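Trainee: Got a structure for you, entry-v5.tsv, holding TSV, C-alpha atoms.
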chain	number	residue	atom	x	y	z
A	1	MET	CA	0.00	0.00	0.00
A	2	ALA	CA	1.26	3.50	-0.85
A	3	VAL	CA	2.51	5.66	2.00
A	4	THR	CA	0.37	8.74	2.64
A	5	THR	CA	1.86	12.20	2.74
A	6	ASP	CA	1.15	15.45	4.58
A	7	HIS	CA	2.92	17.60	1.96
A	8	ILE	CA	1.82	18.04	-1.65
A	9	SER	CA	3.82	20.08	-4.15
A	10	LEU	CA	2.23	20.86	-7.53
A	11	THR	CA	1.91	23.49	-10.25
A	12	GLU	CA	-1.10	25.79	-10.54
A	13	THR	CA	-2.18	24.15	-13.82
A	14	GLY	CA	-1.46	20.88	-15.58
A	15	ARG	CA	-2.32	17.25	-14.88
A	16	GLY	CA	-1.37	17.52	-11.22
A	17	VAL	CA	0.33	14.89	-9.04
A	18	LEU	CA	-0.59	11.40	-7.83
A	19	VAL	CA	-0.57	11.02	-4.03
A	20	ALA	CA	-1.90	8.59	-1.44
A	21	LEU	CA	-4.26	10.29	0.99
A	22	ARG	CA	-5.94	9.34	4.25
A	23	PRO	CA	-9.76	9.55	4.25
A	24	ALA	CA	-9.64	12.63	6.49
A	25	GLN	CA	-7.23	14.32	4.06
A	26	VAL	CA	-9.55	13.52	1.15
A	27	ALA	CA	-12.38	15.21	3.06
A	28	THR	CA	-10.18	18.26	3.74
A	29	LEU	CA	-9.19	18.71	0.09
A	30	ALA	CA	-12.71	17.96	-1.16
A	31	ASN	CA	-13.92	20.96	0.85
A	32	ARG	CA	-11.45	23.30	-0.87
A	33	THR	CA	-12.46	22.97	-4.50
A	34	ASP	CA	-11.49	26.62	-4.95
A	35	LEU	CA	-7.83	25.58	-4.47
A	36	VAL	CA	-7.47	22.11	-5.99
A	37	ARG	CA	-9.26	19.52	-8.09
A	38	LEU	CA	-9.36	16.03	-6.56
A	39	THR	CA	-9.83	12.96	-8.79
A	40	PRO	CA	-9.64	9.24	-7.80
A	41	ALA	CA	-6.76	7.49	-9.55
A	42	PRO	CA	-7.09	3.92	-10.84
A	43	GLY	CA	-5.04	1.23	-9.15
A	44	PRO	CA	-4.47	0.04	-5.58
A	45	GLY	CA	-3.30	2.11	-2.63
A	46	GLY	CA	-6.00	4.78	-2.40
A	47	ARG	CA	-4.15	7.15	-4.70
A	48	TRP	CA	-5.65	10.45	-5.82
A	49	ARG	CA	-4.74	12.97	-8.49
A	50	VAL	CA	-4.49	16.50	-7.07
A	51	SER	CA	-4.51	19.33	-9.64
A	52	GLY	CA	-4.19	23.08	-9.25
A	53	ARG	CA	-6.88	25.64	-10.04
A	54	GLN	CA	-5.04	28.83	-11.05
A	55	ARG	CA	-3.97	29.64	-7.50
A	56	VAL	CA	-0.49	29.64	-6.01
A	57	GLY	CA	0.95	29.80	-2.54
A	58	LEU	CA	1.68	27.87	0.63
A	59	ILE	CA	-1.43	26.65	2.47
A	60	ARG	CA	-1.89	24.37	5.45
A	61	LEU	CA	-5.39	22.86	5.59
A	62	GLY	CA	-7.28	20.90	8.22
A	63	ARG	CA	-6.38	19.43	11.59
A	64	GLY	CA	-5.17	16.12	12.95
A	65	ASP	CA	-5.27	13.27	10.42
A	66	GLY	CA	-6.85	15.62	7.89
A	67	THR	CA	-3.89	18.03	7.79
A	68	VAL	CA	-2.46	18.68	4.33
A	69	GLU	CA	0.17	21.25	3.37
A	70	LEU	CA	-0.10	22.45	-0.23
A	71	ARG	CA	2.79	24.10	-2.03
A	72	ILE	CA	1.37	25.35	-5.31
A	73	ARG	CA	3.91	26.80	-7.75
A	74	PRO	CA	3.13	29.26	-10.56
A	75	LYS	CA	3.71	28.03	-14.10
A	76	LEU	CA	5.35	31.39	-14.79
A	77	PRO	CA	8.81	32.28	-13.47
A	78	VAL	CA	8.46	34.03	-10.12
A	79	SER	CA	10.08	37.18	-11.56
A	80	GLN	CA	7.35	37.36	-14.23
A	81	LEU	CA	4.60	36.95	-11.66
A	82	LEU	CA	6.10	39.69	-9.50
A	83	PHE	CA	6.18	41.97	-12.53
A	84	LEU	CA	2.42	41.46	-12.99
A	85	LEU	CA	1.86	42.14	-9.29
A	86	THR	CA	4.04	45.22	-8.93
A	87	HIS	CA	3.76	46.96	-12.30
A	88	ALA	CA	2.03	50.30	-11.77
A	89	PRO	CA	1.61	52.54	-14.83
A	90	GLY	CA	2.65	56.13	-14.24
A	91	THR	CA	4.93	55.52	-11.25
A	92	PRO	CA	8.64	56.41	-11.41
A	93	TRP	CA	9.81	52.92	-10.41
A	94	GLN	CA	7.63	50.93	-12.80
A	95	ASP	CA	10.53	49.82	-15.01
A	96	GLN	CA	12.80	48.54	-12.23
A	97	PRO	CA	13.56	44.85	-12.81
A	98	VAL	CA	12.23	42.38	-10.27
A	99	THR	CA	14.51	39.41	-9.63
A	100	ALA	CA	13.79	36.18	-7.80
A	101	SER	CA	15.19	32.71	-7.36
A	102	ALA	CA	13.90	29.91	-9.56
A	103	SER	CA	13.23	27.80	-6.46
A	104	ASP	CA	9.76	26.40	-5.81
A	105	ASP	CA	9.74	28.24	-2.48
A	106	ALA	CA	10.83	31.60	-3.94
A	107	LEU	CA	7.37	33.19	-4.29
A	108	LEU	CA	6.74	34.22	-0.68
A	109	PRO	CA	10.22	35.64	0.03
A	110	ALA	CA	10.18	37.52	-3.28
A	111	LEU	CA	6.68	38.85	-2.66
A	112	ALA	CA	7.61	39.99	0.85
A	113	ASP	CA	10.66	41.80	-0.54
A	114	ALA	CA	8.64	43.43	-3.34
A	115	TYR	CA	5.95	44.61	-0.94
A	116	ALA	CA	8.52	45.93	1.54
A	117	ARG	CA	10.08	48.02	-1.24
A	118	ALA	CA	6.67	49.34	-2.34
A	119	ALA	CA	5.70	50.19	1.26
A	120	ARG	CA	9.03	51.93	1.85
A	121	ARG	CA	8.52	54.10	-1.23
A	122	ALA	CA	5.07	55.01	0.04
A	123	LEU	CA	6.25	55.90	3.56
A	124	ASP	CA	9.64	57.53	2.89
A	125	PRO	CA	8.16	60.95	2.02
A	126	GLY	CA	6.18	60.78	5.27
A	127	VAL	CA	3.14	58.99	6.67
A	128	LEU	CA	-0.05	60.04	4.93
A	129	HIS	CA	-2.61	61.84	7.12
A	130	GLY	CA	-6.22	62.60	6.42
A	131	TYR	CA	-9.47	63.74	8.01
A	132	ARG	CA	-11.64	61.10	9.63
A	133	VAL	CA	-15.10	61.67	11.11
A	134	THR	CA	-15.05	60.69	14.81
A	135	ASP	CA	-17.97	60.25	17.22
A	136	ASP	CA	-16.97	60.75	20.85
A	137	GLU	CA	-18.14	61.89	24.28
A	138	LEU	CA	-15.97	64.69	25.67
A	139	PRO	CA	-16.02	67.09	28.67
A	140	VAL	CA	-15.91	70.01	26.21
A	141	VAL	CA	-17.62	70.75	22.90
A	142	ARG	CA	-15.53	69.85	19.87
A	143	GLY	CA	-16.93	69.98	16.36
A	144	ARG	CA	-20.73	69.46	16.30
A	145	ILE	CA	-23.00	68.24	19.10
A	146	ARG	CA	-24.88	65.03	18.27
A	147	THR	CA	-28.21	66.43	19.41
A	148	ALA	CA	-30.24	63.22	19.37
A	149	ASP	CA	-27.58	61.32	21.32
A	150	GLN	CA	-27.19	64.17	23.81
A	151	LEU	CA	-30.95	64.35	24.50
A	152	ARG	CA	-30.99	60.62	25.25
A	153	ARG	CA	-28.61	61.32	28.16
A	154	THR	CA	-31.71	62.38	30.21
A	155	GLY	CA	-30.46	65.79	31.21
A	156	LEU	CA	-26.85	65.00	32.10
A	157	PRO	CA	-24.75	67.90	30.71
A	158	LEU	CA	-21.42	66.08	30.62
A	159	PRO	CA	-19.82	64.46	28.80
A	160	VAL	CA	-21.06	65.97	25.55
A	161	ALA	CA	-21.87	63.72	22.57
A	162	VAL	CA	-19.94	65.29	19.69
A	163	ARG	CA	-18.85	64.57	16.12
A	164	TYR	CA	-15.69	66.14	14.74
A	165	ASP	CA	-13.17	65.79	11.91
A	166	ASP	CA	-9.86	64.45	13.20
A	167	PHE	CA	-6.66	64.93	11.17
A	168	THR	CA	-4.93	61.61	11.78
A	169	ALA	CA	-2.73	58.86	10.36
A	170	ASP	CA	-5.38	56.29	11.34
A	171	ILE	CA	-6.99	56.29	7.88
A	172	ALA	CA	-7.98	53.54	5.45
A	173	GLU	CA	-4.79	53.72	3.39
A	174	ASN	CA	-2.51	53.22	6.39
A	175	ARG	CA	-4.71	50.48	7.85
A	176	VAL	CA	-4.48	48.46	4.62
A	177	LEU	CA	-0.73	49.09	4.40
A	178	LEU	CA	-0.20	47.98	8.01
A	179	ALA	CA	-2.39	44.88	7.68
A	180	ALA	CA	-0.33	43.60	4.74
A	181	LEU	CA	2.93	44.26	6.62
A	182	HIS	CA	1.69	42.23	9.59
A	183	ARG	CA	0.35	39.48	7.33
A	184	LEU	CA	3.61	38.98	5.43
A	185	GLU	CA	5.71	39.14	8.59
A	186	ARG	CA	3.87	36.08	9.99
A	187	LEU	CA	4.05	33.93	6.87
A	188	PRO	CA	6.40	30.90	6.79
A	189	GLY	CA	9.20	31.05	4.25
A	190	VAL	CA	9.83	34.81	4.58
A	191	THR	CA	13.51	35.52	5.25
A	192	ASP	CA	14.66	36.97	8.56
A	193	THR	CA	15.96	40.05	6.74
A	194	ALA	CA	12.57	40.66	5.14
A	195	ARG	CA	10.81	40.14	8.49
A	196	ARG	CA	12.98	42.78	10.13
A	197	THR	CA	12.25	45.19	7.28
A	198	LEU	CA	8.51	44.55	7.48
A	199	ARG	CA	8.58	44.99	11.27
A	200	HIS	CA	10.53	48.24	10.92
A	201	LEU	CA	8.04	49.62	8.40
A	202	ALA	CA	5.11	48.65	10.62
A	203	GLY	CA	6.82	50.54	13.46
A	204	ARG	CA	6.49	53.74	11.40
A	205	LEU	CA	2.69	53.51	11.77
A	206	PRO	CA	2.23	53.61	15.59
A	207	GLU	CA	-0.99	55.65	15.41
A	208	VAL	CA	-2.71	53.22	13.04
A	209	THR	CA	-5.27	50.75	14.41
A	210	PRO	CA	-4.48	47.15	13.34
A	211	LEU	CA	-7.31	45.31	11.60
A	212	ARG	CA	-8.95	42.49	13.54
A	213	PRO	CA	-9.07	39.05	11.81
A	214	GLY	CA	-12.19	38.70	9.69
A	215	THR	CA	-12.71	42.48	9.48
A	216	PRO	CA	-13.48	43.70	5.94
A	217	LEU	CA	-10.73	45.74	4.35
A	218	PRO	CA	-11.25	49.49	4.61
A	219	THR	CA	-12.11	51.11	1.29
A	220	TRP	CA	-9.92	53.85	-0.15
A	221	THR	CA	-10.38	56.08	-3.17
A	222	PRO	CA	-7.43	56.94	-5.45
A	223	THR	CA	-6.68	60.67	-5.29
A	224	ARG	CA	-3.82	63.00	-6.05
A	225	LEU	CA	-2.90	63.00	-2.36
A	226	ASN	CA	-2.57	59.22	-1.97
A	227	SER	CA	-1.10	58.50	-5.42
A	228	ARG	CA	2.31	57.57	-3.94
A	229	TYR	CA	0.55	54.91	-1.83
A	230	ALA	CA	-1.37	53.41	-4.77
A	231	PRO	CA	1.17	50.74	-5.93
A	232	ALA	CA	1.65	49.43	-2.39
A	233	LEU	CA	-2.10	49.48	-1.70
A	234	ARG	CA	-2.94	47.52	-4.85
A	235	LEU	CA	-0.40	44.88	-3.89
A	236	ALA	CA	-1.62	44.89	-0.28
A	237	GLU	CA	-5.20	44.20	-1.39
A	238	LEU	CA	-4.07	41.13	-3.33
A	239	ILE	CA	-2.03	39.93	-0.35
A	240	LEU	CA	-4.93	40.39	2.07
A	241	THR	CA	-7.97	39.37	0.05
A	242	ASP	CA	-6.51	36.15	-1.43
A	243	ARG	CA	-4.85	34.86	1.70
A	244	GLY	CA	-7.26	31.99	2.44
A	245	ILE	CA	-6.45	32.06	6.18
A	246	SER	CA	-9.89	32.50	7.69
A	247	PRO	CA	-12.90	30.19	7.75
A	248	HIS	CA	-14.89	33.22	6.57
A	249	ASP	CA	-12.91	33.19	3.30
A	250	SER	CA	-13.46	29.49	2.68
A	251	PRO	CA	-16.52	28.05	0.93
A	252	THR	CA	-16.71	25.52	3.80
A	253	PRO	CA	-15.49	25.66	7.42
A	254	VAL	CA	-12.07	24.07	6.93
A	255	THR	CA	-9.27	25.35	9.16
A	256	THR	CA	-6.62	26.94	6.96
A	257	ASP	CA	-3.43	28.89	7.34
A	258	GLY	CA	-1.07	30.28	4.72
A	259	PHE	CA	-1.15	32.46	1.67
A	260	VAL	CA	-2.92	32.14	-1.68
A	261	LEU	CA	-2.83	34.26	-4.84
A	262	ASP	CA	-5.63	33.95	-7.40
A	263	LEU	CA	-3.72	34.30	-10.68
A	264	ALA	CA	-6.86	34.88	-12.73
A	265	ARG	CA	-7.48	37.94	-10.58
A	266	VAL	CA	-3.85	39.03	-10.84
A	267	PHE	CA	-4.05	38.89	-14.66
A	268	GLU	CA	-7.36	40.77	-14.66
A	269	ARG	CA	-6.01	43.51	-12.41
A	270	PHE	CA	-2.85	43.85	-14.50
A	271	LEU	CA	-4.95	44.34	-17.64
A	272	THR	CA	-7.23	46.78	-15.82
A	273	ASP	CA	-4.36	48.96	-14.62
A	274	THR	CA	-2.44	48.97	-17.90
A	275	LEU	CA	-5.46	49.53	-20.15
A	276	THR	CA	-6.86	52.24	-17.88
A	277	ALA	CA	-3.63	54.22	-18.22
A	278	ALA	CA	-3.08	53.47	-21.92
A	279	LEU	CA	-6.61	54.46	-23.03
A	280	VAL	CA	-6.61	57.88	-21.35
A	281	PRO	CA	-5.19	59.67	-24.46
A	282	TYR	CA	-8.11	58.23	-26.47
A	283	ARG	CA	-10.63	59.61	-23.97
A	284	ILE	CA	-11.82	56.12	-23.21
A	285	ARG	CA	-12.67	55.34	-19.59
A	286	VAL	CA	-12.33	51.81	-18.19
A	287	ARG	CA	-14.80	50.62	-15.58
A	288	PRO	CA	-13.80	47.26	-13.98
A	289	GLN	CA	-16.36	44.81	-12.60
A	290	ASP	CA	-19.22	47.03	-13.77
A	291	ARG	CA	-22.31	45.83	-11.84
A	292	ARG	CA	-24.77	48.40	-13.20
A	293	HIS	CA	-26.04	46.24	-16.08
A	294	HIS	CA	-28.60	43.44	-16.30
A	295	LEU	CA	-29.26	40.71	-18.84
A	296	ASP	CA	-33.05	40.69	-18.57
A	297	VAL	CA	-35.67	43.40	-19.09
A	298	GLY	CA	-36.85	43.07	-15.50
A	299	SER	CA	-33.33	43.84	-14.18
A	300	ARG	CA	-33.24	40.69	-12.04
A	301	VAL	CA	-30.28	38.96	-13.71
A	302	ARG	CA	-27.21	41.09	-13.05
A	303	ILE	CA	-24.08	40.79	-15.19
A	304	ARG	CA	-20.57	41.82	-14.16
A	305	PRO	CA	-18.13	42.10	-17.08
A	306	ASP	CA	-14.44	42.30	-16.20
A	307	LEU	CA	-14.03	45.59	-18.10
A	308	VAL	CA	-16.52	47.89	-19.79
A	309	LEU	CA	-15.00	50.66	-21.90
A	310	TYR	CA	-16.86	53.97	-22.12
A	311	ARG	CA	-16.53	56.90	-24.49
A	312	ALA	CA	-18.45	60.11	-23.72
A	313	GLY	CA	-20.45	58.22	-21.09
A	314	ARG	CA	-21.68	55.50	-23.48
A	315	PRO	CA	-20.53	51.84	-23.50
A	316	LEU	CA	-18.01	51.38	-26.30
A	317	THR	CA	-17.04	47.70	-25.93
A	318	VAL	CA	-16.57	44.99	-23.32
A	319	VAL	CA	-13.43	43.02	-22.40
A	320	ASP	CA	-13.14	39.76	-20.47
A	321	ALA	CA	-9.76	38.50	-19.17
A	322	LYS	CA	-9.06	34.75	-19.17
A	323	TYR	CA	-6.00	33.32	-17.43
A	324	ILE	CA	-5.93	30.36	-19.83
A	325	ASP	CA	-3.55	29.27	-22.57
A	326	LEU	CA	-5.67	27.86	-25.40
A	327	GLY	CA	-2.74	27.00	-27.66
A	328	ALA	CA	-4.15	26.60	-31.16
A	329	ALA	CA	-7.66	25.67	-29.94
A	330	PRO	CA	-10.66	27.96	-30.52
A	331	PRO	CA	-12.27	29.70	-27.54
A	332	PRO	CA	-14.47	27.41	-25.39
A	333	HIS	CA	-18.21	27.67	-25.93
A	334	GLU	CA	-18.82	29.02	-22.45
A	335	HIS	CA	-16.44	31.93	-23.05
A	336	MET	CA	-18.20	32.82	-26.29
A	337	TYR	CA	-21.63	32.54	-24.66
A	338	GLN	CA	-20.51	34.80	-21.83
A	339	LEU	CA	-19.25	37.54	-24.16
A	340	LEU	CA	-22.31	37.18	-26.37
A	341	SER	CA	-24.57	37.79	-23.36
A	342	TYR	CA	-22.55	40.87	-22.36
A	343	CYS	CA	-22.70	42.33	-25.85
A	344	THR	CA	-26.43	41.63	-26.13
A	345	ALA	CA	-27.23	43.25	-22.77
A	346	LEU	CA	-25.10	46.33	-23.55
A	347	ALA	CA	-26.32	46.56	-27.17
A	348	LEU	CA	-22.76	46.31	-28.46
A	349	PRO	CA	-21.76	44.82	-31.83
A	350	HIS	CA	-18.37	43.65	-30.53
A	351	GLY	CA	-16.64	42.21	-27.47
A	352	HIS	CA	-13.12	41.03	-26.67
A	353	LEU	CA	-11.63	37.98	-24.96
A	354	VAL	CA	-8.03	38.44	-23.75
A	355	TYR	CA	-6.13	35.23	-22.99
A	356	ALA	CA	-2.86	34.70	-21.14
A	357	ALA	CA	-1.71	32.64	-24.12
A	358	GLN	CA	1.60	31.61	-25.62
A	359	ARG	CA	0.85	32.40	-29.23
A	360	GLY	CA	0.80	35.35	-31.62
A	361	ASP	CA	-0.57	38.74	-30.62
A	362	ALA	CA	-2.70	39.19	-33.76
A	363	PRO	CA	-6.40	39.48	-32.84
A	364	VAL	CA	-8.74	36.83	-34.26
A	365	PRO	CA	-12.36	37.91	-34.98
A	366	HIS	CA	-15.22	35.43	-34.55
A	367	PRO	CA	-18.42	36.78	-36.17
A	368	ILE	CA	-21.47	35.20	-34.52
A	369	ARG	CA	-24.13	33.79	-36.85
A	370	ASN	CA	-27.43	35.69	-37.03
A	371	ALA	CA	-26.43	38.01	-34.18
A	372	GLY	CA	-24.57	40.94	-35.75
A	373	ILE	CA	-21.94	40.55	-33.02
A	374	THR	CA	-18.22	39.82	-33.37
A	375	VAL	CA	-16.16	38.40	-30.51
A	376	THR	CA	-12.44	39.03	-31.01
A	377	THR	CA	-9.79	37.00	-29.20
A	378	HIS	CA	-6.41	38.44	-28.18
A	379	ALA	CA	-3.30	36.86	-26.66
A	380	VAL	CA	-0.87	38.30	-24.11
A	381	ASP	CA	2.08	35.93	-23.59
A	382	LEU	CA	3.02	36.31	-19.91
A	383	ALA	CA	6.16	34.19	-20.34
A	384	ARG	CA	7.83	36.94	-22.38
A	385	PRO	CA	10.08	39.61	-20.87
A	386	PRO	CA	8.18	42.51	-19.25
A	387	ALA	CA	8.91	44.92	-22.11
A	388	GLU	CA	7.36	42.49	-24.60
A	389	ILE	CA	4.32	41.95	-22.37
A	390	LEU	CA	3.76	45.71	-22.34
A	391	THR	CA	4.16	45.75	-26.13
A	392	SER	CA	1.37	43.17	-26.35
A	393	VAL	CA	-0.83	45.37	-24.18
A	394	THR	CA	-0.04	48.31	-26.46
A	395	THR	CA	-1.16	46.24	-29.46
A	396	LEU	CA	-4.38	45.44	-27.61
A	397	THR	CA	-4.84	49.11	-26.70
A	398	ASP	CA	-4.44	50.20	-30.33
A	399	HIS	CA	-7.09	47.69	-31.40
A	400	LEU	CA	-9.56	48.78	-28.70
A	401	ALA	CA	-9.00	52.47	-29.47
A	402	GLN	CA	-10.05	51.89	-33.09
A	403	VAL	CA	-13.45	50.49	-32.08
A	404	ARG	CA	-16.34	52.65	-33.22
A	405	ASP	CA	-19.58	53.23	-31.34
Starting from the coordinates I provided, produce the structure as structure tokens.

Mentor:
Amino acid sequence: MAVTTDHISLTETGRGVLVALRPAQVATLANRTDLVRLTPAPGPGGRWRVSGRQRVGLIRLGRGDGTVELRIRPKLPVSQLLFLLTHAPGTPWQDQPVTASASDDALLPALADAYARAARRALDPGVLHGYRVTDDELPVVRGRIRTADQLRRTGLPLPVAVRYDDFTADIAENRVLLAALHRLERLPGVTDTARRTLRHLAGRLPEVTPLRPGTPLPTWTPTRLNSRYAPALRLAELILTDRGISPHDSPTPVTTDGFVLDLARVFERFLTDTLTAALVPYRIRVRPQDRRHHLDVGSRVRIRPDLVLYRAGRPLTVVDAKYIDLGAAPPPHEHMYQLLSYCTALALPHGHLVYAAQRGDAPVPHPIRNAGITVTTHAVDLARPPAEILTSVTTLTDHLAQVRD
């Protein structure tokens, strides 16, 4: 009989690996279908095929006999993945090369180092402050009296229920920045040097309230004032929202610990950021995850395209990002159906599918029979050097800018 294992190392895509699992481990992995695909393997020994699902990281799942540690490697070189994560159009450091070891365990140390550098660039000019509305009870009047709350005090004059604007460092941007610093510092595999750097940077935010586990991330709005924070904040959101460490983040209550990156989301965000910047000269505005549209007349079936492009306030075209390499195969039916529904709901004669594919950059149109709609497929080869990836995005931008209403 095959010997079971508590450690599984695999790549995010591909046929996966054959392993022998205990029944409790099978139950643990079966409850995390967002991370892996589990298939019984023929033959004796209770062997199973475990395959990745476009996520990478180091994750420890379950307890006792059901404990499994997953090490899921990206199919891309770590340096390429870090480029996708850290590239920020319009920032002075966007063209700095990102280097990393080719080791299977290189992702977390490299990510910690990249985030530390982004956070340092954000904080070096000084900690960002802003106004925050604060409700308090004070012995003196400050700001405005909360009349309704004060009247409920049944005649007691002090303290006074007040609301005032406080100029403080304890704002959403710094809370997100600090949460990612704390998160990376606790992860296994991060070097001692990186931990010290992360701890030092967190020490520069003593006034900031740490986020409690399970608390939703504070929302922040890009402005001229926080623009130097933007690259670090975008990376922090990926680090915090794809971590897979809380039962609240899991589709089922399986105890987890570790770090997970959803590469489909990474690719979508990279396209969003680069296209948003590149289409500005054409007066085309990009709206990601646009939830304002519905498929049906009764507005009960909501659609959420990855990107809707607008010109002069009107939808121009729709773009969907797919972290899939099709090779020479045509687009899957479900991808075509999805774009067709978007185009129909938005009354658009054209839509675009952008694949993370290793093939030519030339767009391929697919006119749909009896619909008057054309779905065009594009390829962005993420295995190429960063400059060539950006050239592919430029080619895509030029094509989108030529679309007519």

Trainee: What's the 12 Å shell around A:Pro125, counting all atoms listed in the file, without same-chain residues fewer than 6 positions away, as a VMD selection string?

Mentor: chain A and resid 119 204 226 228 to 229

Trainee: For the atom pair atom CA of A:Pro231 and atom CA of A:Arg183, what is the interatomic distance in Å to one decimal place?

Mentor: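 Computing it gives 17.4 Å between the two atoms.
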
Trainee: Kindly give the distance, in Å, that separates atom CA of A:Val26 and atom CA of A:Pro42, rounded to a single decimal.

Mentor: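 Taking atom CA of A:Val26 and atom CA of A:Pro42, their separation equals 15.6 Å.
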
Trainee: Give the answer as one residue: which of A:Leu21, A:Ala172, A:Val393, A:Leu339 has the shortest atom-to-atom distance to A:Phe270, using all atoms listed in the file?

Mentor: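 Counting all atoms listed in the file, the residue closest to A:Phe270 is A:Val393.
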
Trainee: Near A:Val140, within 12 Å and counting only C-alpha atoms, which residues show up once chain neighbours fewer than 2 positions away are dropped, as a VMD selection string?

Mentor: chain A and resid 136 to 138 142 to 145 157 to 163

Trainee: Compile the contact shell of A:Val301 as a PDB file with C-alpha atoms, keeping the file's coordinate frame: residues with an atom at most 12 Å away, counting all atoms listed in the file, same-chain residues fewer than 4 positions apart removed.

Mentor:
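Now in result24.pdb:
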ATOM      1  CA  ARG A 291     -22.310  45.830 -11.840  1.00  0.00           C
ATOM      2  CA  ARG A 292     -24.770  48.400 -13.200  1.00  0.00           C
ATOM      3  CA  HIS A 293     -26.040  46.240 -16.080  1.00  0.00           C
ATOM      4  CA  HIS A 294     -28.600  43.440 -16.300  1.00  0.00           C
ATOM      5  CA  LEU A 295     -29.260  40.710 -18.840  1.00  0.00           C
ATOM      6  CA  ASP A 296     -33.050  40.690 -18.570  1.00  0.00           C
ATOM      7  CA  VAL A 297     -35.670  43.400 -19.090  1.00  0.00           C
ATOM      8  CA  SER A 341     -24.570  37.790 -23.360  1.00  0.00           C
ATOM      9  CA  TYR A 342     -22.550  40.870 -22.360  1.00  0.00           C
ATOM     10  CA  ALA A 345     -27.230  43.250 -22.770  1.00  0.00           C
TER      11      ALA A 345
END

Trainee: If we count all atoms listed in the file, what is near A:Leu275 at a cut-off of 8 Å, once residues fewer than 2 positions away on the same chain are taken out, given as a ChimeraX atom specification?

Mentor: /A:271-273,277-279,286,393,397

Trainee: Can you tell me how far atom CA of A:Ala312 sits from atom CA of A:Arg283, in Å to one decimal?

Mentor: 7.8 Å

Trainee: Could you work out an axis-aligned box for stretch 272-278 of chain A, taking every atom the file lists and adding 8 Å on each side, and report centre and edge lengths in Å to one decimal, as JSON?

Mentor:
{"center_x": -4.8, "center_y": 50.5, "center_z": -18.3, "size_x": 20.8, "size_y": 23.4, "size_z": 23.3}

Trainee: Using all atoms listed in the file, pick whichever of A:Arg15, A:Arg287, A:His200, A:Arg55 has the shortest atom-to-atom distance to A:Leu38.

Mentor: A:Arg15

Trainee: Of the candidates A:Leu225, A:Ala24, A:Leu201, A:Val380, which shows the shortest atom-to-atom distance to A:Leu326, using only C-alpha atoms?

Mentor: A:Val380

Trainee: Around (-25.6, 41.4, -37.7) in the file's own coordinates, what residues are found within 12 Å if you use all atoms listed in the file, given back as a PyMOL selection string?

Mentor: chain A and resi 344+347-350+367-374

Trainee: Determine, counting all atoms listed in the file, which protein, DNA and RNA residues have an atom within 7 Å of an atom of A:Leu70; residues of the same chain fewer than 6 positions away are not included. Present the result as an MDAnalysis selection string.

Mentor: chainID A and resid 7:9 58:60

Trainee: Within 8 Å of (-13.9, 39.5, -16.9), in the coordinates the file gives, what residues turn up when you count all atoms listed in the file, written out as a ChimeraX atom specification?

Mentor: /A:268,289,304-307,319-322
